[in-house]
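Here is the structure we will look at, set down as structure tokens.
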Amino acid sequence: MLAWSAVASAAAAFVACLAGWLAGGGSVELAWAPTLGLRIDLAFDGLAALYSLLATGIGALVFAYGAGYLPWHLEHVGRPAHDAWRFWPWMVVFMGSMVGLACARDLVLLFVFFDLTAVASYFLIGFDRDRDARGAALMALLVTGVSAVALLIAAVLLYDAYGTFSLPELFERAGTGTTTTVAGVLIAVAALAKSAQVPLHFWLPRAMAAPTPVSAYLHSAAMVAAGVLVLGRVHPLLVKSDLVLDGLLVVGLVSIAVGGVLALAQDELKQILAHSTISQYGYVVTLYGIGGATAAGAATLYVLAHAIAKSALFMTAGAVTVTTGESQLSRLGGLGRRLPALAVASGVAAATLAALPLTLGFFKDELFFQAAGEHGRLVQLLAVGAAALTVAYIGRFWLGLFTGPLRARPSGGVPPLLLGPIAVLGALALVGGFVVEPFARLAEDAAEVTHVGGLDVAPAYHLDAGTENAMALAAWGLGALVLLASRFREPLVRAFARAGERVGPRRWYALSLLGLNRLSDWAHDTEVRDLRNSIAAVLVPAAALIALAFVVTPTRGSYAAGSLGADDLPIVVLLALGVAAAVTAARDRGRLRPVLALSVLGFALAGVYAMAGAPDVALVAVLVETVLTLVFVGVFARLPSASVRRPRLRARNAIIGAAAGASVFAAIWGALSRRTPAEGVAAEHIERAPGAHGGDVVTVILADFRGLDTMVEITVLAVAVVGIASLLSRGRPW
Amino acid sequence: MSLILEVVAPRLLGPAVMVAAAIIVKGYADVGDGFSAGVIVALAIALRYITLGTERAERGLPILRRAPVVAVGGLLIALAVGFLPVLAGDPPFTHRPAPGAEVVKIGTLELISAVAFDVGVFLLVCGALVVLVHHLARLVQGDER
């Protein structure tokens with residue numbers, strides 16, 4: 001039921017997106033925080049249409065597949081059926097944030113949706129909750145989340161330089177220069193980490209710990225596509241710097257090679273596909289690095305064809321595992337005769353990935369070769385090598401599964417719910433091989449956002465001896481050669497994979513995580529080892545930093561130790577009371593008396609606030625002081641009655657205390673000596689309070705001028721209470 | 001606990017609620033706001049817990065069970081007041097009536113949306129603190145058993 005409502009929502013969203021695309025799109029713009037330049041600026045343009053249609057269309061199919069797969073999975077790992085509630089909501093949230101990301105035309109909004117997808121993927125990858133899944137989820141969150149901060153930094157840099165977060169405005173205003181280059185590099189880092197490009201690719205193979213529908217969705221058409229989506233969205237900014245484009249080209253080509261070679265080395269089905277995804281998005285990144293009209297069109301068509309094929313292949317891997325119970329390629333084979341429908345459907349998908357003719361995939365490589373040819377001989381050669389690698393690993397995957405001797409016996413046929421979505425995607429890829437116009441039009445609309453200015457995506461079969469056809473033939477031949485020469489291939493790719501494990505970036509990730517953990521443990525242990533250290537952690541910085549501020553900043557003129565007049569007498573008396581109370585609290589050997597002395601100190605200070613013209617602060621101080629006294633008394637009443645031996649006074653403690661006290665005294669003396677409110681915000685608040693119907697400035701600030709801050713603060717309070725409830729009584733609210 | 005305290009403490013709740021109401025009603029024109037009002041009521045309830053013990057305190061005042069609902073309700077009220085203006089195209093926390101416009105007054109109570117926000121803050125603070133006291137009190141009592 002839950003699963004089917006997710007399918008229905010995805011299908012409805014798909015229909016809505018399709019209608020929106022056919023109607024020519026549209027845009028919404030809402031004020032969010034206008035004074036900060038933040039707007040909710042969503043546009044349903046060509047690029048948004050492409051990625052929304054992918055997210056919702058493939059989403060609907062994968063959800064339907066998941067409706068059949070998840071019950072089996074839950075039973076397989078021995079979990080109750082209602083754990084589906086931990087799965088479907090996140091899938092739908094993911095789909096929503098993906099559509100939002102596709103439509104966002106504002107850098108900050110882009111960042112928000114970017115992180116939303118990361119959060120949803122964290123829960124989806126970690127769905128199985130074992131050690132492996134948790135580590136994988138954390139790794140995906142850290143790698144994509146930390147590098148997403150680069151996107152935010154880039155947004156702030158650009159805002160600082162050009163005064164807007166809006167992408168269309170930035171495209172107009174931004175010039176070539178260091179700021180644009182640095183921002184471009186930062187955005188690219190965030191996007192490349194999300195699209196699992198070398199050297200930040202290692203999270204994707206690890207994320208295969210997720211259930212198959214998650215992989216089929218997130219790791220083919222959605223999460224990893226988010227990276228290249230951002231690249232396509234900000235591309236007009238990236239082309240202003242050759243450095244960024246060249247960087248993209250290199251990263252893309254290296255990713256194709258590394259992903260492809262590692263895909264040949266894997267034995268686990270989903271691992272092969274994960275490495276293939278790294279390689280395939282390398283193609284798209286390469287195309288964005290090449291730049292220009294042809295490459296922009298090629299990139300969008302590539303994303304479209306790859307998403308269709310790859311999610312079908314992921315679902316194939318899951319269906320094979322469900323029917324045979326095996327997930328290793330070396331233990332599978334000969335399934336073609338037993339599961340003919342699955343073999344045909346996934347065969348079309350594999351052929352699409354390998355760019356064989358009569359499938360949609362042929363055109364993606366045709367355009368890829370065309371764009372590479374425009375960029376020069378070296379890229380052209382590398383493109384052929386890349387395509388050959390693809391033919392080899394996807395051939396190994398499909399042939400290994402469906403041909404040869406039968407190894408693992410399938411227990412019956414593939415359930416129709418698992419087969420259906422694969423068949424639909426396969427049929428779609430096949431239709432694209434004959435009627436490519438609708439796909440090309442979608443890709444063209446999307447590419448027009450990337451490459452401002454006219455462009456024409458017109459893939460077709462050319463039965464001539466053109467360059468692209470020669471390149472395709474060379475790629476198939478070379479790929480077949482690599483596929484057949486398994487005796488030479490195996491040792492080489494194994495050695496490469498081993499070297500990657502030993503010195504690759506995944507090891508660096510593990511080492512840095514370990515180092516950070518140790519540092520945090522050390523700091524934590526040092527600070528909370530005993531009460532004295534906890535207090536020193538507050539007092540020592542207070543003493544040192546304030547003293548430092550007095551030493552380095554010029555105090556002449558700005559620091560005035562005001563004179564004491566007759567009207568200051570009440571304050572002096574209150575402060576003297578406070579001093580006496582403080583000394584009592586420090587020196588008294590009893591238990592309750594120091595507590596009461598402390599509260600006397602607090603009330604004396606509240607009195608000072610009242611005298612110094614801050615009745616609101618005084619009221620809150622009185623209340624807080626009362627609460628603290630009550631808590632102290634309540635806790636002390638329950639302590640065992642035996643008297644505790646108080647530690648003897650140490651010179652070090654006294655010195656630290658005195659130093660902190662002196663620093664703070666100097667600072668407060670200066671602050672209290674200022675009678676007139678400072679110019680600026682405070683004066684403006686006082687001036688505007690009557691206009692907001694308020695007599696009390698502090699209340700008006702809390703409820704009106706700074707209402708959003710108060711909202712956040714009380715939300716924090718609510719969250720803190722939820723946290724305490726979950727710590728003390730396992731989350732029961734009462 | 002002394003007998004006087006045991007008699008006085010539970011009866012402090014009425015005056016505390018009165019003071020809180022006064023602070024909210026007068027709050028926008030005078031010192032005090034929803035936060036202070038919430039803490040005052042929560043203080044009176046905490047005093048009740050300390051003098052009567054958890055079980056008696058809660059048995060005598062069953063409405064305390066609703067504290068989580070009160071807290072969430074307060075949060076929702078505050079959210080609604082803050083973000084409903086967005087639907088009308090205004091930035092969040094645009095209070096009505098607008099600056100300079102006429103305000104309806106009932107006694108000292110001014111009917112402005114900022115006061116509704118303050119009520120939300122009051123409910124949240126009060127509810128959250130009572131939930132906190134409840135959990136801590138149960139913890140302490142569990143230790144004693």
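How things are named: the first chain in the structure tokens is A, the next is B, and so on; residues count from 1 in each chain; ligands count from 1 in the order shown.
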
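Residues within 10 Å of Leu3 (chain B), counting only C-alpha atoms and excluding same-chain residues fewer than 4 positions away, are Val7, Val8 and Thr51 of chain B.
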
Interface list for chain B, partner chain A, 9 Å threshold, only C-alpha atoms, as a ChimeraX atom specification = /B:27-36,39-40,43,46-47,50,65-68,71-72,75,78-79,82,86,89-95,97-101,103,110,112,114-115,117-118,121,124-125,128-129,131-132,134-136,139-140,144

For Gly100 (chain A), the closest of A:Val112, A:Ala387, A:Leu574, A:Val538 counting only C-alpha atoms is A:Val112

Sel. of strand (DSSP E or B) residues, chain B, as a ChimeraX atom specification = /B:105-106,109-110

Selection: 8 Å around Thr629 (chain A), only C-alpha atoms, excl. self and same-chain fewer than 3 positions, as a PDB file with C-alpha atoms, in the first residue's frame:
ATOM      1  CA  VAL A 595      24.816  27.253  46.596  1.00  0.00           C
ATOM      2  CA  LEU A 596      22.797  29.905  48.347  1.00  0.00           C
ATOM      3  CA  SER A 599      22.253  32.537  44.028  1.00  0.00           C
ATOM      4  CA  GLU A 625      18.723  32.213  38.861  1.00  0.00           C
ATOM      5  CA  THR A 626      15.615  30.821  40.546  1.00  0.00           C
ATOM      6  CA  PHE A 632      20.839  22.798  42.962  1.00  0.00           C
ATOM      7  CA  VAL A 633      18.686  22.379  46.036  1.00  0.00           C
TER       8      VAL A 633
END

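Those residues that approach Val70 (chain B) to within 10 Å, counting only C-alpha atoms, are Leu64, Leu76, Gly120, Phe122, Leu123, Leu124, Val125, Cys126, Gly127, Ala128 and Val130 of chain B; same-chain residues fewer than 6 positions away are not listed.
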
May I have the selected residues written with N, CA and C atoms, as a PDB file, in the first residue's frame?
ATOM      1  N   LEU B  64      -0.928  17.886  33.246  1.00  0.00           N
ATOM      2  CA  LEU B  64       0.510  17.893  32.978  1.00  0.00           C
ATOM      3  C   LEU B  64       0.875  16.901  31.885  1.00  0.00           C
ATOM      4  N   LEU B  76       3.897  25.102  16.678  1.00  0.00           N
ATOM      5  CA  LEU B  76       3.095  25.248  15.456  1.00  0.00           C
ATOM      6  C   LEU B  76       2.499  26.659  15.351  1.00  0.00           C
ATOM      7  N   GLY B 120       2.698  31.583  21.359  1.00  0.00           N
ATOM      8  CA  GLY B 120       3.333  30.352  20.899  1.00  0.00           C
ATOM      9  C   GLY B 120       4.621  30.077  21.650  1.00  0.00           C
ATOM     10  N   PHE B 122       5.403  31.179  24.576  1.00  0.00           N
ATOM     11  CA  PHE B 122       5.039  30.844  25.964  1.00  0.00           C
ATOM     12  C   PHE B 122       4.672  29.363  26.088  1.00  0.00           C
ATOM     13  N   LEU B 123       3.803  28.885  25.196  1.00  0.00           N
ATOM     14  CA  LEU B 123       3.349  27.495  25.278  1.00  0.00           C
ATOM     15  C   LEU B 123       4.519  26.539  25.083  1.00  0.00           C
ATOM     16  N   LEU B 124       5.375  26.852  24.116  1.00  0.00           N
ATOM     17  CA  LEU B 124       6.501  25.966  23.846  1.00  0.00           C
ATOM     18  C   LEU B 124       7.446  25.907  25.037  1.00  0.00           C
ATOM     19  N   VAL B 125       7.833  27.079  25.552  1.00  0.00           N
ATOM     20  CA  VAL B 125       8.783  27.114  26.667  1.00  0.00           C
ATOM     21  C   VAL B 125       8.209  26.379  27.869  1.00  0.00           C
ATOM     22  N   CYS B 126       6.949  26.701  28.183  1.00  0.00           N
ATOM     23  CA  CYS B 126       6.312  26.094  29.346  1.00  0.00           C
ATOM     24  C   CYS B 126       6.230  24.571  29.164  1.00  0.00           C
ATOM     25  N   GLY B 127       5.702  24.127  28.016  1.00  0.00           N
ATOM     26  CA  GLY B 127       5.553  22.692  27.774  1.00  0.00           C
ATOM     27  C   GLY B 127       6.893  21.974  27.791  1.00  0.00           C
ATOM     28  N   ALA B 128       7.892  22.555  27.118  1.00  0.00           N
ATOM     29  CA  ALA B 128       9.194  21.903  27.027  1.00  0.00           C
ATOM     30  C   ALA B 128       9.822  21.762  28.411  1.00  0.00           C
ATOM     31  N   VAL B 130       8.315  21.632  31.300  1.00  0.00           N
ATOM     32  CA  VAL B 130       7.595  20.648  32.112  1.00  0.00           C
ATOM     33  C   VAL B 130       7.987  19.229  31.697  1.00  0.00           C
TER      34      VAL B 130
END

Go through region 72-274 of chain A and collect every residue that DSSP, computed from the backbone, puts in helix (DSSP H, G or I); the answer should be as number ranges by chain.
-> A: 72-76, 81-86, 88-103, 107-128, 131-162, 167-173, 178-194, 203-209, 212-218, 223-238, 242-265, 269-274

Counting only C-alpha atoms, which of A:Val258, A:Leu418, A:Val239, A:Met98 gets nearest to Phe63 (chain A)?
->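 For Phe63 (chain A), the nearest of the candidates is A:Leu418.
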
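Relative to CA of Leu204 (chain A), CA of Ala136 (chain A) is found at 8.6 Å.
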
Record the distance separating CA of Ile308 (chain A) and CA of Leu425 (chain A), expressed in Å with one decimal.
->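 CA of Leu425 (chain A) lies at a distance of 6.0 Å from CA of Ile308 (chain A).
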
Selected residue of minimal separation from Ile63 (chain B) among B:Ile45, B:Ala116, B:Ile24, B:Ala88, counting only C-alpha atoms | B:Ile45

Length of the CA of Ala222 (chain A) to CA of Ala460 (chain A) vector [Å] | 27.6 Å

Find the residue from A:Thr212, A:Ser97, A:Thr277, A:Ser241 that sits nearest to Gly291 (chain A); use only C-alpha atoms when measuring.
->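 Closest to Gly291 (chain A), using only C-alpha atoms: A:Ser241.
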